[in-house]
file coords_20.cif (mmCIF, C-alpha atoms and all ligand atoms)
data_upload
#
loop_
_atom_site.group_PDB
_atom_site.id
_atom_site.type_symbol
_atom_site.label_atom_id
_atom_site.label_comp_id
_atom_site.auth_asym_id
_atom_site.auth_seq_id
_atom_site.Cartn_x
_atom_site.Cartn_y
_atom_site.Cartn_z
ATOM 1 C CA MET A 1 18.987 11.270 4.437
ATOM 2 C CA ALA A 2 15.556 12.164 5.785
ATOM 3 C CA ILE A 3 13.472 9.119 4.883
ATOM 4 C CA ARG A 4 14.601 5.605 4.078
ATOM 5 C CA LEU A 5 12.196 3.019 2.665
ATOM 6 C CA THR A 6 12.960 -0.702 2.491
ATOM 7 C CA PHE A 7 10.547 -3.171 0.908
ATOM 8 C CA TRP A 8 9.912 -6.504 2.645
ATOM 9 C CA GLY A 9 6.895 -7.460 0.552
ATOM 10 C CA VAL A 10 5.842 -6.166 -2.868
ATOM 11 C CA ARG A 11 3.356 -8.715 -4.197
ATOM 12 C CA GLY A 12 -0.418 -8.342 -4.399
ATOM 13 C CA SER A 13 -3.104 -10.798 -3.366
ATOM 14 C CA ILE A 14 -1.073 -13.833 -2.220
ATOM 15 C CA PRO A 15 2.581 -14.788 -1.600
ATOM 16 C CA THR A 16 4.214 -16.148 -4.742
ATOM 17 C CA PRO A 17 7.563 -17.725 -3.866
ATOM 18 C CA GLY A 18 9.362 -19.613 -6.622
ATOM 19 C CA PRO A 19 11.888 -19.332 -9.406
ATOM 20 C CA LYS A 20 9.836 -16.797 -11.387
ATOM 21 C CA THR A 21 9.809 -14.229 -8.567
ATOM 22 C CA VAL A 22 13.222 -14.529 -6.903
ATOM 23 C CA THR A 23 14.442 -11.140 -8.142
ATOM 24 C CA TYR A 24 11.571 -8.845 -7.164
ATOM 25 C CA GLY A 25 10.175 -11.046 -4.416
ATOM 26 C CA GLY A 26 7.106 -13.086 -3.621
ATOM 27 C CA ASN A 27 6.023 -11.732 -0.228
ATOM 28 C CA THR A 28 2.936 -9.588 0.198
ATOM 29 C CA SER A 29 2.930 -5.948 1.232
ATOM 30 C CA CYS A 30 5.268 -4.675 3.961
ATOM 31 C CA LEU A 31 7.266 -1.418 4.007
ATOM 32 C CA GLU A 32 9.894 -0.441 6.576
ATOM 33 C CA LEU A 33 10.258 3.335 6.919
ATOM 34 C CA ARG A 34 13.102 4.971 8.824
ATOM 35 C CA PHE A 35 13.171 8.631 9.643
ATOM 36 C CA GLY A 36 16.174 10.844 10.347
ATOM 37 C CA ALA A 37 19.442 10.264 12.101
ATOM 38 C CA GLU A 38 17.655 8.469 14.936
ATOM 39 C CA ASP A 39 16.461 5.813 12.516
ATOM 40 C CA ARG A 40 12.925 6.070 13.861
ATOM 41 C CA LEU A 41 10.907 3.081 12.664
ATOM 42 C CA VAL A 42 7.400 3.094 11.175
ATOM 43 C CA ILE A 43 5.933 0.064 9.405
ATOM 44 C CA VAL A 44 3.320 0.159 6.665
ATOM 45 C CA ASP A 45 1.327 -3.067 6.220
ATOM 46 C CA ALA A 46 1.728 -6.478 7.780
ATOM 47 C CA GLY A 47 1.721 -8.770 4.750
ATOM 48 C CA SER A 48 3.843 -11.905 4.658
ATOM 49 C CA GLY A 49 6.985 -9.759 4.228
ATOM 50 C CA ILE A 50 6.754 -8.547 7.831
ATOM 51 C CA ARG A 51 8.149 -11.873 9.064
ATOM 52 C CA GLU A 52 11.558 -11.112 7.521
ATOM 53 C CA LEU A 53 11.459 -7.572 8.875
ATOM 54 C CA ALA A 54 10.791 -9.000 12.340
ATOM 55 C CA GLY A 55 13.981 -11.057 12.018
ATOM 56 C CA LYS A 56 15.972 -7.934 11.258
ATOM 57 C CA LEU A 57 14.441 -6.033 14.189
ATOM 58 C CA LEU A 58 15.318 -8.858 16.565
ATOM 59 C CA ALA A 59 18.890 -9.012 15.272
ATOM 60 C CA ASN A 60 19.532 -5.244 15.284
ATOM 61 C CA ASP A 61 16.972 -3.024 17.003
ATOM 62 C CA LEU A 62 16.270 -5.193 20.009
ATOM 63 C CA LYS A 63 19.896 -4.811 21.131
ATOM 64 C CA LYS A 64 19.230 -1.105 21.670
ATOM 65 C CA GLY A 65 16.084 -1.671 23.711
ATOM 66 C CA PRO A 66 12.477 -2.867 23.442
ATOM 67 C CA ILE A 67 10.743 -2.467 20.065
ATOM 68 C CA ARG A 68 8.359 0.478 20.126
ATOM 69 C CA THR A 69 6.745 1.216 16.813
ATOM 70 C CA LYS A 70 3.634 1.979 14.815
ATOM 71 C CA ILE A 71 2.137 -0.162 12.082
ATOM 72 C CA PHE A 72 -0.122 1.639 9.607
ATOM 73 C CA LEU A 73 -2.334 -0.715 7.614
ATOM 74 C CA SER A 74 -3.464 0.440 4.188
ATOM 75 C CA HIS A 75 -6.517 -1.788 4.696
ATOM 76 C CA THR A 76 -7.423 -5.155 6.121
ATOM 77 C CA HIS A 77 -7.506 -7.339 3.008
ATOM 78 C CA TRP A 78 -5.706 -10.513 3.890
ATOM 79 C CA ASP A 79 -2.587 -9.905 1.798
ATOM 80 C CA HIS A 80 -1.939 -6.784 3.907
ATOM 81 C CA ILE A 81 -2.376 -8.388 7.347
ATOM 82 C CA MET A 82 -1.508 -12.093 6.923
ATOM 83 C CA GLY A 83 2.023 -11.686 8.300
ATOM 84 C CA TYR A 84 0.844 -10.149 11.569
ATOM 85 C CA PRO A 85 0.854 -13.400 13.625
ATOM 86 C CA PHE A 86 4.460 -13.927 12.463
ATOM 87 C CA PHE A 87 5.675 -10.499 13.575
ATOM 88 C CA THR A 88 7.770 -11.900 16.441
ATOM 89 C CA PRO A 89 7.969 -8.689 18.530
ATOM 90 C CA ILE A 90 4.315 -9.324 19.525
ATOM 91 C CA PHE A 91 5.537 -12.287 21.595
ATOM 92 C CA ILE A 92 8.228 -10.289 23.406
ATOM 93 C CA PRO A 93 7.493 -8.508 26.699
ATOM 94 C CA LYS A 94 8.088 -4.726 26.682
ATOM 95 C CA THR A 95 7.310 -4.438 22.965
ATOM 96 C CA GLU A 96 4.932 -1.531 22.453
ATOM 97 C CA LEU A 97 2.945 -1.567 19.285
ATOM 98 C CA ASP A 98 0.357 0.841 17.916
ATOM 99 C CA VAL A 99 -1.646 -0.572 15.038
ATOM 100 C CA TYR A 100 -3.663 1.839 12.893
ATOM 101 C CA GLY A 101 -5.917 1.184 9.947
ATOM 102 C CA PRO A 102 -9.280 1.902 8.377
ATOM 103 C CA VAL A 103 -12.249 -0.183 9.478
ATOM 104 C CA SER A 104 -14.959 -0.901 6.936
ATOM 105 C CA PHE A 105 -17.215 -3.009 9.113
ATOM 106 C CA GLU A 106 -17.983 -0.890 12.135
ATOM 107 C CA ASP A 107 -19.394 -3.716 14.235
ATOM 108 C CA ASP A 108 -15.928 -5.252 14.305
ATOM 109 C CA PRO A 109 -13.168 -3.078 15.752
ATOM 110 C CA LEU A 110 -9.682 -3.145 14.213
ATOM 111 C CA GLU A 111 -8.459 -5.300 17.091
ATOM 112 C CA LYS A 112 -10.905 -8.022 16.109
ATOM 113 C CA VAL A 113 -10.387 -7.751 12.341
ATOM 114 C CA VAL A 114 -6.587 -8.021 12.631
ATOM 115 C CA GLY A 115 -6.187 -9.866 15.942
ATOM 116 C CA ASP A 116 -8.720 -12.595 15.174
ATOM 117 C CA GLN A 117 -6.055 -14.210 12.992
ATOM 118 C CA LEU A 118 -4.608 -15.244 16.367
ATOM 119 C CA ARG A 119 -7.270 -17.772 17.309
ATOM 120 C CA TYR A 120 -6.812 -21.488 17.790
ATOM 121 C CA ARG A 121 -8.728 -22.287 14.619
ATOM 122 C CA TYR A 122 -6.093 -20.456 12.561
ATOM 123 C CA PHE A 123 -2.990 -20.234 14.731
ATOM 124 C CA PRO A 124 -1.541 -21.943 17.830
ATOM 125 C CA VAL A 125 -1.366 -18.768 19.952
ATOM 126 C CA ARG A 126 -4.304 -16.598 20.943
ATOM 127 C CA GLN A 127 -4.263 -12.822 20.903
ATOM 128 C CA GLU A 128 -4.871 -12.791 24.695
ATOM 129 C CA GLU A 129 -1.595 -14.639 25.211
ATOM 130 C CA LEU A 130 0.627 -12.081 23.480
ATOM 131 C CA ALA A 131 3.331 -10.598 25.700
ATOM 132 C CA ALA A 132 3.533 -7.216 23.963
ATOM 133 C CA THR A 133 1.453 -4.160 24.731
ATOM 134 C CA ILE A 134 -0.638 -3.562 21.619
ATOM 135 C CA ARG A 135 -3.045 -0.715 21.016
ATOM 136 C CA TYR A 136 -5.394 -0.621 18.019
ATOM 137 C CA THR A 137 -6.783 2.607 16.593
ATOM 138 C CA ALA A 138 -9.250 2.939 13.719
ATOM 139 C CA LEU A 139 -8.148 5.643 11.281
ATOM 140 C CA LYS A 140 -10.105 7.894 8.987
ATOM 141 C CA GLU A 141 -9.003 10.618 6.621
ATOM 142 C CA SER A 142 -6.966 12.888 8.834
ATOM 143 C CA GLU A 143 -3.845 14.918 9.411
ATOM 144 C CA GLN A 144 -1.724 14.239 12.415
ATOM 145 C CA ASP A 145 1.506 15.160 14.066
ATOM 146 C CA LEU A 146 3.439 12.020 14.973
ATOM 147 C CA GLY A 147 6.001 14.037 16.941
ATOM 148 C CA GLY A 148 9.686 14.644 16.331
ATOM 149 C CA GLY A 149 8.930 16.571 13.144
ATOM 150 C CA LEU A 150 7.068 13.711 11.462
ATOM 151 C CA ARG A 151 3.682 14.551 9.993
ATOM 152 C CA LEU A 152 1.118 12.223 8.473
ATOM 153 C CA ARG A 153 -1.830 12.784 6.177
ATOM 154 C CA THR A 154 -4.228 10.018 5.193
ATOM 155 C CA LYS A 155 -6.578 9.845 2.217
ATOM 156 C CA TYR A 156 -9.300 7.384 1.233
ATOM 157 C CA LEU A 157 -8.603 5.595 -2.028
ATOM 158 C CA ASN A 158 -10.854 3.597 -4.366
ATOM 159 C CA HIS A 159 -11.105 -0.111 -3.512
ATOM 160 C CA PRO A 160 -13.896 -2.574 -2.607
ATOM 161 C CA ILE A 161 -13.321 -1.801 1.113
ATOM 162 C CA LEU A 162 -11.991 1.304 2.864
ATOM 163 C CA VAL A 163 -8.345 1.903 2.058
ATOM 164 C CA LEU A 164 -6.058 4.679 3.236
ATOM 165 C CA GLY A 165 -3.139 6.165 1.378
ATOM 166 C CA TYR A 166 -0.411 7.556 3.654
ATOM 167 C CA ARG A 167 1.584 10.723 3.129
ATOM 168 C CA PHE A 168 4.561 11.054 5.480
ATOM 169 C CA GLU A 169 6.359 14.398 5.616
ATOM 170 C CA PHE A 170 9.693 14.727 7.372
ATOM 171 C CA GLU A 171 12.497 17.301 7.093
ATOM 172 C CA GLY A 172 11.031 18.680 3.884
ATOM 173 C CA LYS A 173 10.769 15.272 2.193
ATOM 174 C CA VAL A 174 7.575 13.435 1.273
ATOM 175 C CA LEU A 175 6.889 9.716 0.966
ATOM 176 C CA CYS A 176 3.431 8.684 -0.143
ATOM 177 C CA THR A 177 1.556 5.403 -0.617
ATOM 178 C CA ALA A 178 -1.370 4.957 -3.027
ATOM 179 C CA TYR A 179 -2.476 1.316 -3.008
ATOM 180 C CA ASP A 180 -4.687 -0.710 -3.193
ATOM 181 C CA HIS A 181 -6.272 1.779 -5.530
ATOM 182 C CA GLU A 182 -8.141 1.931 -8.797
ATOM 183 C CA PRO A 183 -8.904 5.218 -10.534
ATOM 184 C CA TYR A 184 -12.461 6.430 -9.950
ATOM 185 C CA GLN A 185 -14.780 5.592 -12.853
ATOM 186 C CA ASN A 186 -17.749 7.336 -14.352
ATOM 187 C CA VAL A 187 -20.616 5.318 -12.897
ATOM 188 C CA PHE A 188 -22.990 6.609 -15.594
ATOM 189 C CA GLU A 189 -20.700 5.792 -18.480
ATOM 190 C CA MET A 190 -22.608 4.272 -21.420
ATOM 191 C CA GLU A 191 -22.579 4.242 -25.189
ATOM 192 C CA PRO A 192 -24.678 6.870 -27.036
ATOM 193 C CA ASP A 193 -26.665 4.089 -28.772
ATOM 194 C CA ASP A 194 -27.747 2.681 -25.365
ATOM 195 C CA PRO A 195 -31.517 3.395 -24.937
ATOM 196 C CA ARG A 196 -30.816 4.593 -21.371
ATOM 197 C CA TYR A 197 -28.215 7.078 -22.605
ATOM 198 C CA ASP A 198 -28.510 10.397 -20.762
ATOM 199 C CA ALA A 199 -25.895 12.906 -21.903
ATOM 200 C CA GLU A 200 -26.209 15.009 -18.772
ATOM 201 C CA ALA A 201 -25.810 12.071 -16.398
ATOM 202 C CA VAL A 202 -22.809 10.847 -18.376
ATOM 203 C CA LYS A 203 -21.170 14.255 -18.129
ATOM 204 C CA GLU A 204 -21.929 14.579 -14.414
ATOM 205 C CA GLY A 205 -20.500 11.115 -13.805
ATOM 206 C CA ALA A 206 -17.355 11.965 -15.740
ATOM 207 C CA ASP A 207 -16.896 15.218 -13.824
ATOM 208 C CA ALA A 208 -17.379 13.471 -10.468
ATOM 209 C CA ALA A 209 -14.821 10.769 -11.285
ATOM 210 C CA ALA A 210 -12.331 13.330 -12.590
ATOM 211 C CA GLY A 211 -12.788 15.382 -9.404
ATOM 212 C CA GLU A 212 -12.086 12.381 -7.169
ATOM 213 C CA ASN A 213 -9.044 11.394 -9.235
ATOM 214 C CA GLU A 214 -7.769 14.956 -8.992
ATOM 215 C CA LYS A 215 -8.034 14.779 -5.177
ATOM 216 C CA VAL A 216 -5.883 11.639 -5.108
ATOM 217 C CA MET A 217 -3.319 13.346 -7.327
ATOM 218 C CA GLN A 218 -3.316 16.370 -5.017
ATOM 219 C CA PHE A 219 -2.689 13.976 -2.149
ATOM 220 C CA PHE A 220 0.569 12.683 -3.656
ATOM 221 C CA ARG A 221 1.490 15.876 -5.451
ATOM 222 C CA GLY A 222 5.208 16.643 -5.404
ATOM 223 C CA ALA A 223 6.112 13.484 -3.480
ATOM 224 C CA ASP A 224 9.794 12.616 -3.475
ATOM 225 C CA LEU A 225 8.800 8.953 -3.397
ATOM 226 C CA LEU A 226 5.412 7.540 -4.377
ATOM 227 C CA VAL A 227 4.575 3.858 -3.940
ATOM 228 C CA HIS A 228 1.646 3.270 -6.298
ATOM 229 C CA ASP A 229 -0.529 0.299 -7.198
ATOM 230 C CA SER A 230 0.286 -1.035 -10.679
ATOM 231 C CA GLN A 231 -1.108 -4.547 -10.661
ATOM 232 C CA TYR A 232 -2.319 -4.604 -14.266
ATOM 233 C CA THR A 233 -1.422 -3.466 -17.739
ATOM 234 C CA ASN A 234 -3.954 -1.373 -19.603
ATOM 235 C CA GLN A 235 -4.559 -4.355 -21.877
ATOM 236 C CA GLU A 236 -5.355 -6.690 -18.949
ATOM 237 C CA TYR A 237 -7.513 -4.042 -17.307
ATOM 238 C CA ARG A 238 -9.706 -3.408 -20.354
ATOM 239 C CA HIS A 239 -9.455 -6.517 -22.499
ATOM 240 C CA GLY A 240 -8.170 -9.285 -20.197
ATOM 241 C CA LYS A 241 -10.062 -12.526 -19.839
ATOM 242 C CA PRO A 242 -11.839 -11.456 -17.737
ATOM 243 C CA PRO A 243 -11.180 -7.678 -17.787
ATOM 244 C CA LYS A 244 -9.809 -6.450 -14.448
ATOM 245 C CA LYS A 245 -11.720 -3.179 -14.403
ATOM 246 C CA GLY A 246 -13.550 -2.821 -11.087
ATOM 247 C CA TRP A 247 -11.205 -5.174 -9.201
ATOM 248 C CA GLY A 248 -9.707 -2.305 -7.199
ATOM 249 C CA HIS A 249 -6.275 -1.907 -8.777
ATOM 250 C CA SER A 250 -4.503 0.497 -11.093
ATOM 251 C CA THR A 251 -2.654 -0.029 -14.328
ATOM 252 C CA PHE A 252 1.012 0.779 -14.925
ATOM 253 C CA GLU A 253 -0.171 3.365 -17.442
ATOM 254 C CA TRP A 254 -2.445 5.084 -14.949
ATOM 255 C CA ALA A 255 0.172 5.104 -12.191
ATOM 256 C CA ILE A 256 2.827 6.595 -14.488
ATOM 257 C CA ASN A 257 0.524 9.237 -15.973
ATOM 258 C CA ALA A 258 -0.988 10.301 -12.651
ATOM 259 C CA ALA A 259 2.395 10.475 -10.909
ATOM 260 C CA HIS A 260 3.930 12.452 -13.769
ATOM 261 C CA LYS A 261 1.024 14.928 -13.794
ATOM 262 C CA ALA A 262 1.325 15.329 -10.023
ATOM 263 C CA ARG A 263 5.052 16.127 -10.377
ATOM 264 C CA VAL A 264 6.182 13.125 -8.382
ATOM 265 C CA LYS A 265 9.961 12.815 -8.420
ATOM 266 C CA HIS A 266 10.321 9.066 -8.065
ATOM 267 C CA LEU A 267 7.544 6.557 -8.708
ATOM 268 C CA VAL A 268 7.871 3.044 -7.334
ATOM 269 C CA LEU A 269 5.543 0.533 -8.996
ATOM 270 C CA PHE A 270 4.022 -1.793 -6.422
ATOM 271 C CA HIS A 271 1.508 -4.591 -5.682
ATOM 272 C CA HIS A 272 2.756 -6.831 -8.470
ATOM 273 C CA ASP A 273 0.263 -9.283 -9.866
ATOM 274 C CA PRO A 274 0.792 -12.825 -8.511
ATOM 275 C CA ASP A 275 1.005 -14.105 -12.102
ATOM 276 C CA ARG A 276 3.704 -11.598 -13.139
ATOM 277 C CA SER A 277 7.187 -13.103 -13.439
ATOM 278 C CA ASP A 278 10.385 -11.117 -12.878
ATOM 279 C CA ALA A 279 11.149 -11.206 -16.599
ATOM 280 C CA GLU A 280 7.678 -9.938 -17.545
ATOM 281 C CA LEU A 281 7.804 -7.196 -14.943
ATOM 282 C CA GLU A 282 11.187 -5.991 -16.129
ATOM 283 C CA GLY A 283 10.178 -6.146 -19.785
ATOM 284 C CA LEU A 284 7.021 -4.162 -19.188
ATOM 285 C CA VAL A 285 8.657 -1.475 -17.094
ATOM 286 C CA ASN A 286 11.575 -1.072 -19.511
ATOM 287 C CA GLY A 287 8.981 -0.485 -22.222
ATOM 288 C CA TYR A 288 7.178 2.172 -20.173
ATOM 289 C CA ARG A 289 10.484 3.861 -19.333
ATOM 290 C CA ALA A 290 11.369 4.009 -23.025
ATOM 291 C CA SER A 291 7.980 5.446 -23.949
ATOM 292 C CA ILE A 292 8.242 8.319 -21.431
ATOM 293 C CA ALA A 293 11.936 9.042 -22.071
ATOM 294 C CA GLY A 294 12.409 12.685 -23.007
ATOM 295 C CA LYS A 295 8.844 13.514 -21.890
ATOM 296 C CA SER A 296 9.175 13.075 -18.144
ATOM 297 C CA ARG A 297 12.055 13.525 -15.731
ATOM 298 C CA MET A 298 10.324 11.306 -13.204
ATOM 299 C CA GLN A 299 12.309 8.279 -12.126
ATOM 300 C CA VAL A 300 10.374 4.989 -12.368
ATOM 301 C CA SER A 301 11.390 1.945 -10.304
ATOM 302 C CA ILE A 302 9.995 -1.473 -9.560
ATOM 303 C CA ALA A 303 9.370 -2.269 -5.896
ATOM 304 C CA GLN A 304 11.766 -5.049 -4.953
ATOM 305 C CA GLU A 305 12.170 -6.987 -1.738
ATOM 306 C CA GLY A 306 15.279 -5.969 0.156
ATOM 307 C CA ARG A 307 15.805 -2.831 -1.905
ATOM 308 C CA THR A 308 16.120 0.499 -0.106
ATOM 309 C CA PHE A 309 15.158 3.940 -1.407
ATOM 310 C CA GLU A 310 16.388 7.099 0.282
ATOM 311 C CA VAL A 311 15.263 10.698 -0.007
HETATM 312 ZN ZN ZN B 401 -3.632 -6.002 -1.842
HETATM 313 ZN ZN ZN B 402 -6.968 -4.945 -1.294
#
call {"tool": "encode", "arguments": {"input": "coords_20.cif", "output": "structure tokens"}}
result
Amino acid sequence: MAIRLTFWGVRGSIPTPGPKTVTYGGNTSCLELRFGAEDRLVIVDAGSGIRELAGKLLANDLKKGPIRTKIFLSHTHWDHIMGYPFFTPIFIPKTELDVYGPVSFEDDPLEKVVGDQLRYRYFPVRQEELAATIRYTALKESEQDLGGGLRLRTKYLNHPILVLGYRFEFEGKVLCTAYDHEPYQNVFEMEPDDPRYDAEAVKEGADAAAGENEKVMQFFRGADLLVHDSQYTNQEYRHGKPPKKGWGHSTFEWAINAAHKARVKHLVLFHHDPDRSDAELEGLVNGYRASIAGKSRMQVSIAQEGRTFEV
């Protein structure tokens, strides 16, 4: 085993506890990654699921010594950071935490965007009172060596604010994240009977969007595990009331097609819509599996809280 991924939060937008989501889970985005025999820990996103992960770290990891880890934030939308004040290691002396993430609003550093959740108006403890040593670093598109044979590449995705996808490479295996992300659209798309119709602009727009989408596919090309946004069905995206096009998320259909084209080995569908019940999710994904059977060898799974994937 080179990389082990455990989901602690799989839901998009807002936590959705309740009888309709007990199987796949109602917490928002949090991924626990473990690398190699040493079980090196890296966390992706601090949604509401990180609270449960913190409980596990206190019960297991803390016995071996202080918690020293990195948290990579896909972006700072609330569903991806709301669990941060409940990540108990921040209250424990000798914890060392490095928090990385993209910053869209340059006047406010990452420390303020994330750490301002710890203010008396929102929470009973202030950031200044935390016992842990916490360092915040704004990330851009980059490639870096995280040491011990672990390499990381980051890529901007398409969302209303800056979002980074993460590509971890370790011992020849690749785990990639691509959320929150919507395929790039042709900004000049219009119908030929529109008086503003300009064939050249339409073609240029289409080429530009296709080029950007190709870059994202190159980013996750060949991944052993890809965690991809799949909040909507194609029907909801194009014909929902209202249509969800432009809201910053992908469809199941897009995720499956793009991952298959990029020769991904195992696609994990993620960022479930808050309105999607377990039964609906399972029904939909069984349908997609049936429709690609015999055409693609790619494995397709549903991200599920508590479930572990190994490569
Ligand atoms: Zn989200
Ligand atoms: Zn978002």
call {"tool": "residues_near_ligand", "arguments": {"input": "coords_20.cif", "ligand": "ligand ZN 401 (chain B)", "cutoff": "12 Å", "atoms": "only C-alpha atoms and all ligand atoms", "output": "number ranges by chain"}}
result
A: 9-15, 27-30, 45-48, 73-82, 159-161, 163, 178-182, 228-231, 247-250, 270-274
call {"tool": "closest_residue", "arguments": {"input": "coords_20.cif", "among": "A:Gly101, A:Pro124, A:Gly306, A:Pro195", "to": "Leu31 in chain A", "atoms": "all atoms listed in the file"}}
result
A:Gly306
call {"tool": "resolve_selection", "arguments": {"input": "coords_20.cif", "expression": "the PyMOL selection byres (((chain A and resi 110) around 10) and not hetatm)", "output": "JSON, numbers by chain"}}
result
{"A": [76, 99, 100, 101, 102, 103, 104, 105, 106, 107, 108, 109, 111, 112, 113, 114, 115, 116, 135, 136, 137, 138, 139]}
call {"tool": "write_last_selection", "arguments": {"input": "coords_20.cif", "atoms": "C-alpha atoms", "output": "short mmCIF file (atom, residue, chain, number, x, y, z; two decimals), in the frame of the given file"}}
result
data_model
loop_
_atom_site.label_atom_id
_atom_site.label_comp_id
_atom_site.auth_asym_id
_atom_site.auth_seq_id
_atom_site.Cartn_x
_atom_site.Cartn_y
_atom_site.Cartn_z
CA THR A 76 -7.42 -5.16 6.12
CA VAL A 99 -1.65 -0.57 15.04
CA TYR A 100 -3.66 1.84 12.89
CA GLY A 101 -5.92 1.18 9.95
CA PRO A 102 -9.28 1.90 8.38
CA VAL A 103 -12.25 -0.18 9.48
CA SER A 104 -14.96 -0.90 6.94
CA PHE A 105 -17.22 -3.01 9.11
CA GLU A 106 -17.98 -0.89 12.14
CA ASP A 107 -19.39 -3.72 14.24
CA ASP A 108 -15.93 -5.25 14.30
CA PRO A 109 -13.17 -3.08 15.75
CA GLU A 111 -8.46 -5.30 17.09
CA LYS A 112 -10.90 -8.02 16.11
CA VAL A 113 -10.39 -7.75 12.34
CA VAL A 114 -6.59 -8.02 12.63
CA GLY A 115 -6.19 -9.87 15.94
CA ASP A 116 -8.72 -12.60 15.17
CA ARG A 135 -3.04 -0.72 21.02
CA TYR A 136 -5.39 -0.62 18.02
CA THR A 137 -6.78 2.61 16.59
CA ALA A 138 -9.25 2.94 13.72
CA LEU A 139 -8.15 5.64 11.28
#
call {"tool": "residues_around", "arguments": {"input": "coords_20.cif", "residues": "Lys215 in chain A", "least_positions_apart": "3", "cutoff": "12 Å", "atoms": "all atoms listed in the file", "output": "list of chain:residue names"}}
result
A:Lys155, A:Tyr156, A:Leu157, A:Asn158, A:Gly165, A:Pro183, A:Tyr184, A:Ala208, A:Ala209, A:Ala210, A:Gly211, A:Glu212, A:Gln218, A:Phe219, A:Phe220, A:Arg221, A:Ala258, A:Ala262
call {"tool": "resolve_selection", "arguments": {"input": "coords_20.cif", "expression": "the PyMOL selection byres (((chain A and resi 260) around 10) and not hetatm)", "output": "PyMOL selection string"}}
result
chain A and resi 217+221-222+254-259+261-267+292+295-300
call {"tool": "residues_around", "arguments": {"input": "coords_20.cif", "residues": "Phe188 in chain A", "least_positions_apart": "2", "cutoff": "6 Å", "atoms": "all atoms listed in the file", "output": "list in words"}}
result
Asn186, Val202 and Gly205 of chain A
call {"tool": "resolve_selection", "arguments": {"input": "coords_20.cif", "expression": "the PyMOL selection byres (((chain A and resi 89-93) around 8) and not hetatm)", "output": "list of chain:residue names"}}
result
A:Ala54, A:Leu58, A:Ile67, A:Pro85, A:Phe87, A:Thr88, A:Lys94, A:Thr95, A:Leu97, A:Leu130, A:Ala131, A:Ala132, A:Thr133, A:Ile134
call {"tool": "atom_distance", "arguments": {"input": "coords_20.cif", "atom1": "CA of Thr308 in chain A", "atom2": "CA of Gly294 in chain A"}}
result
26.2 Å
call {"tool": "residues_around", "arguments": {"input": "coords_20.cif", "residues": "range 282-285 of chain A", "least_positions_apart": "5", "cutoff": "10 Å", "atoms": "all atoms listed in the file", "output": "PDB file with C-alpha atoms, in the coordinates of the input"}}
result
ATOM      1  CA  TYR A  24      11.571  -8.845  -7.164  1.00  0.00           C
ATOM      2  CA  THR A 233      -1.422  -3.466 -17.739  1.00  0.00           C
ATOM      3  CA  PHE A 252       1.012   0.779 -14.925  1.00  0.00           C
ATOM      4  CA  LEU A 269       5.543   0.533  -8.996  1.00  0.00           C
ATOM      5  CA  ARG A 276       3.704 -11.598 -13.139  1.00  0.00           C
ATOM      6  CA  SER A 277       7.187 -13.103 -13.439  1.00  0.00           C
ATOM      7  CA  ALA A 290      11.369   4.009 -23.025  1.00  0.00           C
ATOM      8  CA  SER A 291       7.980   5.446 -23.949  1.00  0.00           C
ATOM      9  CA  VAL A 300      10.374   4.989 -12.368  1.00  0.00           C
ATOM     10  CA  SER A 301      11.390   1.945 -10.304  1.00  0.00           C
ATOM     11  CA  ILE A 302       9.995  -1.473  -9.560  1.00  0.00           C
TER      12      ILE A 302
END
call {"tool": "axis_aligned_box", "arguments": {"input": "coords_20.cif", "around": "range 232-235 of chain A", "padding_each_side": "6 Å", "output": "AutoDock Vina command-line options"}}
result
--center_x -3.0 --center_y -3.0 --center_z -18.1 --size_x 15.1 --size_y 15.2 --size_z 19.6
call {"tool": "atom_distance", "arguments": {"input": "coords_20.cif", "atom1": "CA of Tyr166 in chain A", "atom2": "CA of Leu152 in chain A"}}
result
6.9 Å
call {"tool": "closest_residue", "arguments": {"input": "coords_20.cif", "among": "A:Arg4, A:Phe309, A:Leu162, A:Gln144", "to": "ligand ZN 402 (chain B)", "atoms": "all atoms listed in the file"}}
result
A:Leu162
call {"tool": "atom_distance", "arguments": {"input": "coords_20.cif", "atom1": "CA of Met1 in chain A", "atom2": "CA of Gly49 in chain A"}}
result
24.2 Å
call {"tool": "closest_residue", "arguments": {"input": "coords_20.cif", "among": "A:Ala293, A:Gln185, A:Val311, A:Leu57", "to": "Lys245 in chain A", "atoms": "all atoms listed in the file"}}
result
A:Gln185
call {"tool": "residues_around", "arguments": {"input": "coords_20.cif", "residues": "Leu41 in chain A", "least_positions_apart": "6", "cutoff": "8 Å", "atoms": "only C-alpha atoms", "output": "MDAnalysis selection string"}}
result
chainID A and resid 32:35 69:70
call {"tool": "closest_residue", "arguments": {"input": "coords_20.cif", "among": "A:Val42, A:Gly246, A:Gly148, A:Gln127", "to": "ligand ZN 402 (chain B)", "atoms": "all atoms listed in the file"}}
result
A:Gly246
call {"tool": "closest_residue", "arguments": {"input": "coords_20.cif", "among": "A:Leu164, A:Leu5, A:Ile71, A:Ala37", "to": "ligand ZN 402 (chain B)", "atoms": "only C-alpha atoms and all ligand atoms"}}
result
A:Leu164
call {"tool": "residues_around", "arguments": {"input": "coords_20.cif", "residues": "range 172-175 of chain A", "least_positions_apart": "4", "cutoff": "7 Å", "atoms": "all atoms listed in the file", "output": "PDB file with C-alpha atoms, in the coordinates of the input"}}
result
ATOM      1  CA  ALA A   2      15.556  12.164   5.785  1.00  0.00           C
ATOM      2  CA  ARG A 167       1.584  10.723   3.129  1.00  0.00           C
ATOM      3  CA  PHE A 168       4.561  11.054   5.480  1.00  0.00           C
ATOM      4  CA  ALA A 223       6.112  13.484  -3.480  1.00  0.00           C
ATOM      5  CA  ASP A 224       9.794  12.616  -3.475  1.00  0.00           C
ATOM      6  CA  LEU A 225       8.800   8.953  -3.397  1.00  0.00           C
ATOM      7  CA  LEU A 226       5.412   7.540  -4.377  1.00  0.00           C
ATOM      8  CA  VAL A 311      15.263  10.698  -0.007  1.00  0.00           C
TER       9      VAL A 311
END
